[in-house]
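K.L.:
Sending over protein-v1.cif (mmCIF, C-alpha atoms and all ligand atoms).
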```cif
data_query
#
loop_
_atom_site.label_atom_id
_atom_site.label_comp_id
_atom_site.auth_asym_id
_atom_site.auth_seq_id
_atom_site.Cartn_x
_atom_site.Cartn_y
_atom_site.Cartn_z
CA MET Z 107 -11.81 -14.38 22.85
CA GLY Z 108 -14.81 -12.94 21.15
CA SER Z 109 -14.99 -9.59 22.88
CA HIS Z 110 -17.46 -7.31 21.17
CA SER Z 111 -16.99 -3.65 20.57
CA VAL Z 112 -17.98 -1.35 17.78
CA GLN Z 113 -14.99 -0.25 15.83
CA ARG Z 114 -13.95 3.30 15.46
CA GLY Z 115 -12.61 4.74 12.25
CA PRO Z 116 -9.45 3.90 10.42
CA GLY Z 117 -6.30 3.33 12.33
CA GLY Z 118 -4.10 3.57 9.34
CA GLY Z 119 -0.87 5.39 9.13
CA GLN Z 120 0.37 6.68 5.84
CA GLU Z 121 4.02 6.02 5.77
CA GLY Z 122 4.71 6.28 2.10
CA GLY Z 123 7.55 4.81 0.15
CA THR Z 124 8.37 1.26 0.91
CA THR Z 125 6.75 1.06 4.33
CA ALA Z 126 3.41 -0.64 4.22
CA ALA Z 127 0.57 1.45 5.48
CA ALA Z 128 -1.01 0.07 8.56
CA SER Z 129 -4.51 -0.80 9.37
CA VAL Z 130 -6.75 -1.59 12.24
CA ALA Z 131 -9.42 -2.80 9.90
CA ALA Z 132 -8.24 -4.16 6.66
CA ASP Z 133 -9.72 -5.69 3.64
CA ASP Z 134 -13.45 -5.56 3.59
CA ALA Z 135 -13.49 -6.01 -0.17
CA ASP Z 136 -11.52 -9.12 -0.10
CA GLY Z 137 -11.02 -12.81 -0.78
CA SER Z 138 -8.32 -15.34 -0.46
CA ALA Z 139 -6.14 -17.93 -1.90
CA ASP Z 140 -2.99 -17.67 -0.04
CA ARG Z 141 -0.03 -19.92 0.15
CA PRO Z 142 2.75 -20.90 2.42
CA PRO Z 143 6.17 -19.56 1.58
CA ALA Z 144 7.90 -21.45 -1.14
CA GLY Z 145 11.01 -21.24 -3.17
CA GLY Z 146 10.66 -20.97 -6.90
CA LEU Z 147 7.68 -20.90 -9.13
CA LEU Z 148 7.04 -24.59 -9.12
CA GLY Z 149 6.71 -24.49 -5.37
CA THR Z 150 4.13 -21.77 -5.61
CA ILE Z 151 2.05 -23.63 -8.12
CA THR Z 152 2.01 -26.64 -5.85
CA ASP Z 153 1.27 -24.56 -2.81
CA LEU Z 154 -1.58 -22.79 -4.50
CA ARG Z 155 -3.25 -26.13 -4.95
CA SER Z 156 -5.36 -25.98 -1.81
CA ALA Z 157 -6.61 -22.53 -2.68
CA ARG Z 158 -7.47 -23.68 -6.15
CA MET Z 159 -9.28 -26.75 -5.00
CA SER Z 160 -11.55 -24.89 -2.63
CA ALA Z 161 -12.09 -22.17 -5.19
CA GLY Z 162 -12.79 -24.78 -7.83
CA LYS Z 163 -15.67 -26.08 -5.79
CA ILE Z 164 -17.19 -22.65 -5.99
CA GLY Z 165 -16.16 -22.13 -9.58
CA HIS Z 166 -18.01 -25.09 -11.03
CA PHE Z 167 -21.34 -23.77 -9.81
CA ARG Z 168 -20.67 -20.15 -10.54
CA GLY Z 169 -23.83 -19.74 -12.57
CA TYR Z 170 -26.02 -20.43 -9.54
CA LEU Z 171 -24.24 -18.22 -7.06
CA SER Z 172 -26.06 -15.60 -5.01
CA PRO Z 173 -24.51 -12.12 -5.04
CA GLU Z 174 -23.06 -12.83 -1.62
CA GLU Z 175 -21.49 -16.11 -2.74
CA ARG Z 176 -20.23 -14.42 -5.86
CA ALA Z 177 -18.54 -11.77 -3.71
CA ALA Z 178 -16.95 -14.50 -1.64
CA ALA Z 179 -15.68 -16.24 -4.78
CA GLY Z 180 -14.24 -12.94 -6.03
CA ARG Z 181 -12.45 -12.58 -2.73
CA VAL Z 182 -10.91 -16.03 -3.12
CA GLU Z 183 -9.56 -14.97 -6.48
CA ARG Z 184 -8.20 -11.64 -5.28
CA TYR Z 185 -6.21 -13.37 -2.56
CA ALA Z 186 -4.89 -15.81 -5.16
CA LEU Z 187 -3.79 -12.93 -7.40
CA GLN Z 188 -2.14 -11.27 -4.42
CA ALA Z 189 -0.25 -14.49 -3.63
CA MET Z 190 0.96 -14.57 -7.23
CA ALA Z 191 2.06 -10.92 -7.06
CA ARG Z 192 3.97 -11.79 -3.91
CA GLU Z 193 5.77 -14.47 -5.85
CA ALA Z 194 6.51 -12.12 -8.74
CA LEU Z 195 7.83 -9.34 -6.50
CA PRO Z 196 10.06 -10.67 -3.73
CA GLY Z 197 10.60 -8.06 -1.03
CA HIS Z 198 7.70 -5.88 -2.20
CA ARG Z 199 5.25 -4.75 0.45
CA VAL Z 200 2.40 -6.56 -1.33
CA GLY Z 201 3.97 -9.66 0.24
CA ALA Z 202 3.16 -8.34 3.72
CA CYS Z 203 -0.35 -7.21 2.86
CA LEU Z 204 -3.03 -8.99 4.90
CA ARG Z 205 -0.40 -11.39 6.18
CA TRP Z 206 1.74 -9.47 8.62
CA LEU Z 207 0.61 -7.96 11.90
CA HIS Z 208 0.39 -4.22 11.96
CA VAL Z 209 2.37 -2.77 14.83
CA PRO Z 210 1.44 0.84 15.54
CA PRO Z 211 4.49 3.00 16.07
CA ARG Z 212 5.10 3.81 19.75
CA LYS Z 213 7.63 5.78 21.66
CA LYS Z 214 10.40 3.76 23.16
CA GLY Z 215 9.36 2.17 26.44
CA ARG Z 216 5.96 3.89 26.40
CA GLY Z 217 2.45 2.78 25.60
CA ARG Z 218 1.02 -0.66 25.31
CA PRO Z 219 3.06 -3.45 23.80
CA PRO Z 220 1.59 -4.50 20.45
CA THR Z 221 -1.19 -7.07 20.50
CA ARG Z 222 0.15 -10.21 19.02
CA ALA Z 223 -3.08 -11.41 17.50
CA VAL Z 224 -5.07 -11.17 14.29
CA GLU Z 225 -8.60 -9.89 14.67
CA VAL Z 226 -11.61 -11.09 12.79
CA TRP Z 227 -14.38 -8.53 12.35
CA ARG Z 228 -17.86 -8.66 10.93
CA LYS Z 229 -19.91 -5.79 9.60
CA VAL Z 230 -22.99 -5.02 11.64
CA GLY Z 231 -26.11 -6.36 9.92
CA GLU Z 232 -24.15 -7.85 7.02
CA ARG Z 233 -22.56 -11.17 6.36
CA ARG Z 234 -19.26 -9.54 5.59
CA ALA Z 235 -16.16 -10.52 7.54
CA PHE Z 236 -12.68 -9.06 7.31
CA TYR Z 237 -9.40 -9.03 9.15
CA GLY Z 238 -8.18 -6.39 11.54
CA GLY Z 239 -4.75 -5.68 12.92
CA LEU Z 240 -2.96 -6.60 9.71
CA VAL Z 241 -0.75 -4.58 7.41
CA THR Z 242 -2.40 -3.35 4.20
CA CYS Z 243 -0.15 -2.25 1.35
CA GLY Z 244 -2.57 0.08 -0.46
CA ASN Z 245 -0.81 -0.61 -3.75
CA VAL Z 246 -3.47 -0.45 -6.45
CA TRP Z 247 -1.08 -1.65 -9.16
CA ALA Z 248 0.14 -4.84 -7.50
CA CYS Z 249 -2.43 -5.90 -4.95
CA ALA Z 250 -5.86 -7.13 -6.04
CA PRO Z 251 -7.50 -6.90 -2.58
CA CYS Z 252 -6.25 -3.32 -2.09
CA ALA Z 253 -7.08 -2.37 -5.69
CA ALA Z 254 -10.66 -3.59 -5.29
CA LYS Z 255 -11.16 -1.72 -2.06
CA VAL Z 256 -9.62 1.52 -3.31
CA ALA Z 257 -11.54 1.38 -6.60
CA GLU Z 258 -14.83 0.96 -4.76
CA ARG Z 259 -14.16 4.13 -2.85
CA ARG Z 260 -12.88 6.08 -5.87
CA ARG Z 261 -15.94 5.12 -7.89
CA GLY Z 262 -18.12 6.65 -5.19
CA GLU Z 263 -16.10 9.86 -5.34
CA LEU Z 264 -16.33 10.02 -9.13
CA GLU Z 265 -20.10 9.48 -9.07
CA GLU Z 266 -20.53 12.20 -6.50
CA ALA Z 267 -18.31 14.67 -8.36
CA ILE Z 268 -20.19 14.05 -11.60
CA SER Z 269 -23.64 14.41 -10.09
CA THR Z 270 -22.66 17.55 -8.17
CA HIS Z 271 -21.29 19.10 -11.34
CA ARG Z 272 -24.32 18.13 -13.41
CA ALA Z 273 -26.69 19.46 -10.76
CA ASP Z 274 -24.86 22.80 -11.08
CA GLY Z 275 -25.64 22.84 -14.80
CA GLY Z 276 -22.26 21.58 -15.98
CA GLY Z 277 -21.42 18.83 -18.44
CA VAL Z 278 -19.08 15.86 -18.37
CA VAL Z 279 -17.40 14.09 -21.29
CA ILE Z 280 -15.05 11.17 -21.32
CA ALA Z 281 -11.96 11.18 -23.51
CA ALA Z 282 -9.61 8.29 -24.27
CA PHE Z 283 -6.04 9.15 -25.23
CA THR Z 284 -4.06 6.50 -27.07
CA PHE Z 285 -1.06 6.22 -29.37
CA SER Z 286 0.61 3.69 -31.63
CA HIS Z 287 2.98 1.22 -30.09
CA MET Z 288 4.92 -1.84 -31.08
CA ARG Z 289 5.78 -5.11 -29.53
CA ALA Z 290 9.39 -4.05 -29.02
CA ASP Z 291 8.51 -0.90 -27.08
CA VAL Z 292 9.74 -0.64 -23.50
CA LEU Z 293 6.80 0.13 -21.21
CA ALA Z 294 8.65 2.53 -18.91
CA VAL Z 295 9.75 4.57 -21.92
CA ILE Z 296 6.43 4.87 -23.72
CA LEU Z 297 4.45 5.36 -20.50
CA GLY Z 298 6.78 8.17 -19.42
CA ALA Z 299 6.54 9.77 -22.85
CA ALA Z 300 2.74 9.54 -22.91
CA LEU Z 301 2.35 11.05 -19.44
CA GLU Z 302 4.71 13.86 -20.42
CA ALA Z 303 2.76 14.44 -23.64
CA PHE Z 304 -0.42 14.70 -21.59
CA ARG Z 305 1.21 17.19 -19.24
CA GLN Z 306 2.23 19.32 -22.21
CA PHE Z 307 -1.23 18.89 -23.71
CA LYS Z 308 -2.62 20.85 -20.77
CA ALA Z 309 -0.05 23.62 -20.76
CA GLY Z 310 0.69 26.81 -22.63
CA ARG Z 311 -1.22 29.56 -24.37
CA ALA Z 312 -2.88 27.40 -27.02
CA TRP Z 313 -4.26 25.20 -24.27
CA MET Z 314 -5.66 28.18 -22.36
CA MET Z 315 -7.54 29.14 -25.51
CA LEU Z 316 -9.10 25.68 -25.69
CA VAL Z 317 -10.02 25.94 -22.01
CA GLU Z 318 -11.75 29.26 -22.60
CA GLY Z 319 -13.37 28.23 -25.85
CA TRP Z 320 -14.77 24.98 -24.58
CA GLY Z 321 -15.45 26.04 -21.01
CA LEU Z 322 -13.22 23.32 -19.59
CA VAL Z 323 -13.43 23.33 -15.81
CA GLY Z 324 -11.08 20.52 -14.92
CA ASP Z 325 -10.35 16.86 -15.44
CA ILE Z 326 -9.72 13.56 -13.71
CA ARG Z 327 -7.34 11.28 -15.53
CA ALA Z 328 -6.89 7.56 -15.07
CA VAL Z 329 -3.96 5.66 -16.48
CA GLU Z 330 -4.30 2.05 -17.57
CA VAL Z 331 -2.33 -0.54 -19.45
CA THR Z 332 -2.98 -3.80 -21.23
CA TRP Z 333 -0.61 -6.21 -22.92
CA SER Z 334 -1.03 -8.35 -26.00
CA ILE Z 335 1.33 -10.81 -27.54
CA ARG Z 336 0.92 -9.09 -30.89
CA ASN Z 337 1.42 -5.46 -29.99
CA GLY Z 338 3.05 -5.52 -26.59
CA TRP Z 339 2.19 -2.89 -24.00
CA HIS Z 340 -0.70 -0.55 -24.58
CA PRO Z 341 -0.71 2.25 -22.02
CA HIS Z 342 -3.60 4.70 -22.38
CA LEU Z 343 -5.43 7.43 -20.53
CA HIS Z 344 -9.10 7.82 -19.77
CA VAL Z 345 -9.98 11.36 -18.83
CA LEU Z 346 -13.25 12.69 -17.44
CA TRP Z 347 -13.55 16.28 -18.53
CA PHE Z 348 -15.83 18.67 -16.70
CA THR Z 349 -17.26 21.48 -18.83
CA SER Z 350 -19.12 24.60 -17.71
CA CYS Z 351 -22.11 23.71 -19.93
CA PRO Z 352 -23.26 20.34 -21.29
CA LEU Z 353 -21.96 19.74 -24.82
CA GLY Z 354 -24.08 18.46 -27.68
CA VAL Z 355 -23.12 15.64 -29.99
CA GLU Z 356 -21.87 17.99 -32.71
CA ASP Z 357 -19.83 20.01 -30.21
CA VAL Z 358 -18.19 16.83 -29.13
CA ALA Z 359 -17.12 15.88 -32.65
CA SER Z 360 -15.47 19.24 -32.92
CA LEU Z 361 -13.90 19.00 -29.45
CA GLN Z 362 -12.54 15.60 -30.42
CA GLU Z 363 -10.94 17.16 -33.48
CA ASP Z 364 -9.31 19.89 -31.41
CA PHE Z 365 -8.09 17.41 -28.84
CA SER Z 366 -6.80 14.92 -31.43
CA GLU Z 367 -4.84 17.59 -33.23
CA ARG Z 368 -3.22 18.88 -30.06
CA TRP Z 369 -2.59 15.38 -28.69
CA GLY Z 370 -0.93 14.39 -31.97
CA ALA Z 371 1.36 17.42 -31.77
CA MET Z 372 2.34 16.69 -28.17
CA LEU Z 373 2.96 13.02 -28.93
CA ALA Z 374 5.24 14.02 -31.78
CA ARG Z 375 7.36 16.08 -29.40
CA GLU Z 376 7.84 12.96 -27.29
CA GLY Z 377 8.68 10.78 -30.27
CA LEU Z 378 5.30 9.05 -30.38
CA HIS Z 379 2.42 9.25 -32.80
CA ALA Z 380 -1.26 8.44 -32.91
CA SER Z 381 -2.71 6.06 -35.42
CA GLU Z 382 -4.67 7.66 -38.27
CA GLY Z 383 -4.80 11.00 -36.51
CA HIS Z 384 -7.30 9.66 -34.00
CA GLY Z 385 -5.38 9.51 -30.78
CA CYS Z 386 -8.25 11.01 -28.89
CA ARG Z 387 -11.81 9.78 -28.76
CA VAL Z 388 -14.41 11.79 -26.89
CA GLN Z 389 -17.78 10.50 -25.75
CA VAL Z 390 -20.46 12.64 -24.27
CA THR Z 391 -23.45 10.46 -23.50
CA TYR Z 392 -24.50 10.01 -19.94
CA GLY Z 393 -24.33 6.24 -20.52
CA ALA Z 394 -20.71 6.34 -21.69
CA VAL Z 395 -19.60 8.36 -18.67
CA ALA Z 396 -21.62 6.29 -16.19
CA ASP Z 397 -20.40 3.09 -17.77
CA TYR Z 398 -16.80 4.14 -17.46
CA VAL Z 399 -17.20 5.12 -13.83
CA ALA Z 400 -19.01 1.89 -12.99
CA LYS Z 401 -16.18 -0.12 -14.49
CA PHE Z 402 -13.37 1.91 -12.99
CA GLY Z 403 -10.84 -0.31 -11.27
CA TYR Z 404 -13.12 -3.27 -11.62
CA ILE Z 405 -11.20 -6.50 -11.75
CA PRO Z 406 -13.20 -8.45 -14.28
CA GLU Z 407 -14.13 -11.88 -13.08
CA ARG Z 408 -13.05 -13.76 -16.12
CA GLU Z 409 -13.05 -17.48 -15.94
CA LEU Z 410 -11.42 -18.47 -12.72
CA PRO Z 411 -7.98 -19.92 -13.32
CA TRP Z 412 -8.92 -23.29 -11.96
CA GLY Z 413 -11.25 -26.14 -12.54
CA VAL Z 414 -12.64 -26.70 -16.00
CA THR Z 415 -11.90 -23.24 -17.29
CA ALA Z 416 -8.23 -23.48 -16.35
CA GLU Z 417 -7.78 -25.73 -19.36
CA LEU Z 418 -9.23 -23.06 -21.60
CA VAL Z 419 -6.99 -20.37 -20.19
CA LYS Z 420 -4.02 -22.66 -20.60
CA ALA Z 421 -4.79 -23.39 -24.23
CA HIS Z 422 -5.23 -19.72 -24.97
CA ALA Z 423 -2.07 -18.77 -23.14
CA LYS Z 424 -0.07 -21.24 -25.17
CA ARG Z 425 -1.35 -19.85 -28.43
CA GLY Z 426 -1.23 -16.29 -27.16
CA ARG Z 427 -4.86 -15.90 -27.99
CA LEU Z 428 -5.97 -14.13 -24.88
CA THR Z 429 -5.52 -10.61 -26.18
CA HIS Z 430 -5.30 -7.36 -24.29
CA LEU Z 431 -4.52 -8.72 -20.89
CA THR Z 432 -4.64 -6.45 -17.88
CA PRO Z 433 -1.80 -6.84 -15.38
CA PHE Z 434 -4.10 -8.83 -13.11
CA ASP Z 435 -4.90 -11.04 -16.11
CA LEU Z 436 -1.18 -11.74 -16.39
CA LEU Z 437 -1.16 -12.95 -12.79
CA ARG Z 438 -4.30 -14.96 -13.42
CA GLN Z 439 -2.71 -16.54 -16.46
CA ALA Z 440 0.49 -17.28 -14.55
CA LEU Z 441 -1.64 -19.08 -12.00
CA ALA Z 442 -3.43 -21.14 -14.63
CA ALA Z 443 -0.62 -21.95 -17.01
CA PRO Z 444 2.73 -22.74 -15.37
CA GLU Z 445 4.33 -23.17 -18.84
CA THR Z 446 4.01 -19.48 -19.64
CA ALA Z 447 4.20 -18.26 -16.04
CA PRO Z 448 7.85 -17.13 -16.20
CA ARG Z 449 7.01 -14.85 -19.14
CA ASP Z 450 3.83 -13.53 -17.51
CA LEU Z 451 5.55 -12.81 -14.21
CA ALA Z 452 8.45 -11.09 -15.98
CA LEU Z 453 5.91 -8.89 -17.77
CA PHE Z 454 4.24 -8.16 -14.45
CA ARG Z 455 7.57 -7.08 -12.98
CA GLU Z 456 8.23 -4.83 -15.97
CA TYR Z 457 4.81 -3.26 -15.48
CA MET Z 458 5.38 -2.71 -11.77
CA ALA Z 459 8.75 -1.06 -12.38
CA ALA Z 460 7.24 1.24 -15.01
CA PHE Z 461 4.24 2.29 -12.90
CA ARG Z 462 6.15 2.93 -9.70
CA GLY Z 463 5.20 6.36 -8.38
CA THR Z 464 2.40 6.85 -10.90
CA THR Z 465 -0.97 7.94 -9.55
CA GLN Z 466 -3.82 5.85 -10.87
CA LEU Z 467 -6.42 8.58 -10.66
CA LYS Z 468 -5.38 12.23 -10.75
CA TRP Z 469 -7.61 15.27 -10.32
CA SER Z 470 -6.56 18.51 -11.98
CA ARG Z 471 -5.71 21.28 -9.57
CA GLY Z 472 -8.66 22.78 -7.73
CA LEU Z 473 -11.28 20.41 -9.16
CA ARG Z 474 -11.63 18.29 -6.08
CA ASP Z 475 -12.03 21.29 -3.78
CA ARG Z 476 -14.67 22.57 -6.10
CA LEU Z 477 -16.73 19.38 -6.47
CA LEU Z 478 -16.09 17.53 -3.20
CA PRO Z 479 -15.32 20.39 -0.82
CA ASP Z 480 -16.25 18.44 2.31
CA GLN Z 481 -14.15 15.38 1.63
CA ALA Z 482 -10.49 15.46 2.41
CA GLU Z 483 -8.52 13.52 -0.15
CA GLN Z 484 -7.14 10.26 1.19
CA THR Z 485 -4.21 8.36 -0.20
CA ASP Z 486 -4.76 4.88 -1.63
CA ALA Z 487 -3.05 3.46 1.45
CA GLU Z 488 -5.43 5.32 3.75
CA VAL Z 489 -8.45 4.15 1.80
CA ALA Z 490 -7.21 0.55 1.84
CA ALA Z 491 -6.85 0.66 5.62
CA ARG Z 492 -10.15 2.36 6.23
CA LEU Z 493 -13.37 0.88 7.56
CA ASP Z 494 -16.50 2.33 6.01
CA SER Z 495 -19.29 0.92 8.14
CA PRO Z 496 -19.73 -0.19 11.74
CA ALA Z 497 -18.42 -3.61 12.57
CA GLU Z 498 -18.01 -5.83 15.58
CA ARG Z 499 -15.05 -7.92 16.51
CA LEU Z 500 -15.82 -11.60 16.46
CA GLY Z 501 -12.60 -12.74 18.04
CA ARG Z 502 -8.83 -12.94 17.93
CA LEU Z 503 -6.50 -15.50 16.46
CA CYS Z 504 -3.23 -16.10 18.21
CA LEU Z 505 -0.16 -16.04 16.01
CA ASP Z 506 0.24 -19.79 15.86
CA ALA Z 507 -3.32 -20.10 14.60
CA TRP Z 508 -2.67 -17.38 12.02
CA ARG Z 509 0.48 -19.17 10.83
CA LYS Z 510 -1.63 -22.26 10.20
CA VAL Z 511 -4.08 -20.20 8.16
CA LEU Z 512 -1.26 -18.68 6.08
CA TYR Z 513 0.48 -22.00 5.63
CA SER Z 514 -2.69 -23.67 4.36
CA GLY Z 515 -3.65 -20.71 2.22
CA GLN Z 516 -7.03 -20.38 3.91
CA ARG Z 517 -7.41 -16.65 4.55
CA ALA Z 518 -10.54 -16.29 2.40
CA GLU Z 519 -12.01 -19.56 3.62
CA LEU Z 520 -11.67 -18.48 7.24
CA LEU Z 521 -13.56 -15.27 6.50
CA ARG Z 522 -16.29 -17.29 4.86
CA VAL Z 523 -16.61 -19.44 7.98
CA ALA Z 524 -16.84 -16.24 10.03
CA GLU Z 525 -19.52 -14.93 7.69
CA LEU Z 526 -21.64 -18.06 7.82
CA GLY Z 527 -21.07 -19.14 11.41
CA GLU Z 528 -19.94 -17.93 14.80
CA TRP Z 529 -16.61 -17.68 16.55
CA ASP Z 530 -16.73 -21.30 17.73
CA ASP Z 531 -16.89 -22.36 14.09
CA VAL Z 532 -13.84 -20.28 13.27
CA GLU Z 533 -11.93 -21.86 16.12
CA ALA Z 534 -12.95 -25.33 15.01
CA PHE Z 535 -11.95 -24.49 11.43
CA VAL Z 536 -8.49 -23.37 12.52
CA ALA Z 537 -8.06 -26.37 14.82
CA ALA Z 538 -8.68 -28.68 11.88
CA LEU Z 539 -5.97 -27.09 9.71
CA PRO Z 540 -2.73 -29.03 9.33
CA MET Z 541 0.20 -28.24 11.59
CA VAL Z 542 2.94 -26.09 10.13
CA PRO Z 543 6.25 -27.91 9.61
CA VAL Z 544 9.03 -26.17 11.54
CA GLU Z 545 11.03 -25.44 8.40
CA ARG Z 546 8.04 -23.79 6.72
CA ILE Z 547 6.78 -21.38 9.38
CA PRO Z 548 5.36 -18.34 7.56
CA ARG Z 549 6.54 -14.92 8.56
CA VAL Z 550 3.83 -12.85 10.23
CA SER Z 551 5.52 -9.61 11.18
CA GLU Z 552 8.24 -7.14 10.48
CA TRP Z 553 10.10 -7.76 13.69
CA GLU Z 554 10.24 -11.48 13.22
CA VAL Z 555 13.04 -13.16 11.34
CA ASP Z 556 12.01 -15.21 8.37
CA ARG Z 557 12.38 -18.75 9.59
CA ARG Z 558 11.98 -20.69 6.44
ZN ZN G 1 -2.52 -4.79 -0.44
#
```
Please lay out the structure from this file as structure tokens.

P.N.:
Amino acid sequence: MGSHSVQRGPGGGQEGGTTAAASVAADDADGSADRPPAGGLLGTITDLRSARMSAGKIGHFRGYLSPEERAAAGRVERYALQAMAREALPGHRVGACLRWLHVPPRKKGRGRPPTRAVEVWRKVGERRAFYGGLVTCGNVWACAPCAAKVAERRRGELEEAISTHRADGGGVVIAAFTFSHMRADVLAVILGAALEAFRQFKAGRAWMMLVEGWGLVGDIRAVEVTWSIRNGWHPHLHVLWFTSCPLGVEDVASLQEDFSERWGAMLAREGLHASEGHGCRVQVTYGAVADYVAKFGYIPERELPWGVTAELVKAHAKRGRLTHLTPFDLLRQALAAPETAPRDLALFREYMAAFRGTTQLKWSRGLRDRLLPDQAEQTDAEVAARLDSPAERLGRLCLDAWRKVLYSGQRAELLRVAELGEWDDVEAFVAALPMVPVERIPRVSEWEVDRR
């Protein structure tokens, strides 16, 4: 164990659809609260206990955490959210993410048999450990670890595109597109209608005149959704618009008027409408654009759903006072408040069904080639499986050791041990974990039959 070698680039495949994308190096933006397999929600809540307890220890002293400790605590939470998503979506590939071994495809009878071990890597010169040789799902909607990793990369791309464009004398504005909705609305229906309205918004002769008149070069649109007990689902679009020249504040007011009018007309065609004629809000300041980019895909670290604050979350959940929840907030709330968990998980499933096949961040045609000509576009799955900086392999865990880690829900904790200590410490940590009961052996690969 403990062979050292500097890792090459990504080893990811990009099988789309339902096959999880593979990775050699997975999850360097990650944390853990995992759980052994369990039947039913109650089982999950019980099984999440160990993750919560160790996270709680961190949570109580959150105010005094160093950035590194804070990152580790965030990782604990992301793994916990992933475990909850796994519970909400049986059979979904998020359930294999950072749990199952990745087996590279090989021709029958040729090549090396797959390594049956989980690798632990550490970034060179950084206290940052991550797993290698595991499946990563790359699903930014369902999987908090993958979402965090992909967002980090996409933020970098956005920043670069914006600065390149500005350096060339262009301008950037940010526009938010919203519409009225009601509690009874079905998410899949209103989301589909809104995306279609936006497609129509950017089509036809009238649109070409706006493009010419305003010098619109291209756009990058992000789609987001929140949920509130009062108004139900609130899907909306944030669009970065690149203009040939910077616009002034007065220009922007007028652009906002043009956009709002057209957006309202397109919504009407789809049976939707904007409230008070202001479905579109445009901001032009450098701060507004930078702020949006900095927050893109960021999973806000609200109060952790454990320890002291869990009681607060619970109380709010009961009264429905936590408004405008993101989908990850729903998982967080399900974790904290078992009473409302069935509702929250049902909402999460509805959200996942509605967003299937939707791209989180979409560049208009030609814009990427123009602003980032040297960077080939990678899919979310490829980004999730990719390693961005040199790392060395600390060691390998045999499958029985890995099963113990999964069973005890200690994926994040093991990485922390690897970050703070050496391989001997990791081995001692695993040795001290409880044995896995035969009837509860967690599944660790595609080829293996689920033995629970
Ligand atoms: Zn994932």

K.L.:
Please provide the set of residues having any atom within 10 Å of Z:Arg222, restricted to all atoms listed in the file, with same-chain residues fewer than 5 positions apart removed, written as an mmCIF file with C-alpha atoms, keeping the file's coordinate frame.

P.N.:
```cif
data_model
loop_
_atom_site.group_PDB
_atom_site.id
_atom_site.type_symbol
_atom_site.label_atom_id
_atom_site.label_comp_id
_atom_site.auth_asym_id
_atom_site.auth_seq_id
_atom_site.Cartn_x
_atom_site.Cartn_y
_atom_site.Cartn_z
ATOM 1 C CA LEU Z 207 0.610 -7.960 11.900
ATOM 2 C CA HIS Z 208 0.390 -4.220 11.960
ATOM 3 C CA VAL Z 209 2.370 -2.770 14.830
ATOM 4 C CA GLY Z 239 -4.750 -5.680 12.920
ATOM 5 C CA ARG Z 502 -8.830 -12.940 17.930
ATOM 6 C CA LEU Z 503 -6.500 -15.500 16.460
ATOM 7 C CA CYS Z 504 -3.230 -16.100 18.210
ATOM 8 C CA LEU Z 505 -0.160 -16.040 16.010
ATOM 9 C CA VAL Z 550 3.830 -12.850 10.230
ATOM 10 C CA SER Z 551 5.520 -9.610 11.180
#
```

K.L.:
Taking all atoms listed in the file into account, name the residue in Z:Phe365, Z:Phe307, Z:Phe454, Z:Phe285 that is nearest to Z:Ser381.

P.N.:
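Looking only at the distances to Z:Ser381, the closest residue turns out to be Z:Phe285.
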
K.L.:
Using atom CA of Z:Ala487 and atom CA of Z:Val532 as the two end points, give the distance in Å to one decimal.

P.N.:
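Between atom CA of Z:Ala487 and atom CA of Z:Val532 the gap works out to 28.6 Å.
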
K.L.:
Please give me, as a PDB file with C-alpha atoms, keeping the file's coordinate frame, the residues lying within 9 Å of ligand ZN 1 (chain G) when counting only C-alpha atoms and all ligand atoms.

P.N.:
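Okay, out-v6.pdb is ready:
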```
ATOM      1  CA  ALA Z 126       3.410  -0.640   4.220  1.00  0.00           C
ATOM      2  CA  ASP Z 133      -9.720  -5.690   3.640  1.00  0.00           C
ATOM      3  CA  GLN Z 188      -2.140 -11.270  -4.420  1.00  0.00           C
ATOM      4  CA  ARG Z 199       5.250  -4.750   0.450  1.00  0.00           C
ATOM      5  CA  VAL Z 200       2.400  -6.560  -1.330  1.00  0.00           C
ATOM      6  CA  GLY Z 201       3.970  -9.660   0.240  1.00  0.00           C
ATOM      7  CA  ALA Z 202       3.160  -8.340   3.720  1.00  0.00           C
ATOM      8  CA  CYS Z 203      -0.350  -7.210   2.860  1.00  0.00           C
ATOM      9  CA  LEU Z 204      -3.030  -8.990   4.900  1.00  0.00           C
ATOM     10  CA  VAL Z 241      -0.750  -4.580   7.410  1.00  0.00           C
ATOM     11  CA  THR Z 242      -2.400  -3.350   4.200  1.00  0.00           C
ATOM     12  CA  CYS Z 243      -0.150  -2.250   1.350  1.00  0.00           C
ATOM     13  CA  GLY Z 244      -2.570   0.080  -0.460  1.00  0.00           C
ATOM     14  CA  ASN Z 245      -0.810  -0.610  -3.750  1.00  0.00           C
ATOM     15  CA  VAL Z 246      -3.470  -0.450  -6.450  1.00  0.00           C
ATOM     16  CA  ALA Z 248       0.140  -4.840  -7.500  1.00  0.00           C
ATOM     17  CA  CYS Z 249      -2.430  -5.900  -4.950  1.00  0.00           C
ATOM     18  CA  ALA Z 250      -5.860  -7.130  -6.040  1.00  0.00           C
ATOM     19  CA  PRO Z 251      -7.500  -6.900  -2.580  1.00  0.00           C
ATOM     20  CA  CYS Z 252      -6.250  -3.320  -2.090  1.00  0.00           C
ATOM     21  CA  ALA Z 253      -7.080  -2.370  -5.690  1.00  0.00           C
ATOM     22  CA  ALA Z 487      -3.050   3.460   1.450  1.00  0.00           C
ATOM     23  CA  ALA Z 490      -7.210   0.550   1.840  1.00  0.00           C
TER      24      ALA Z 490
END
```
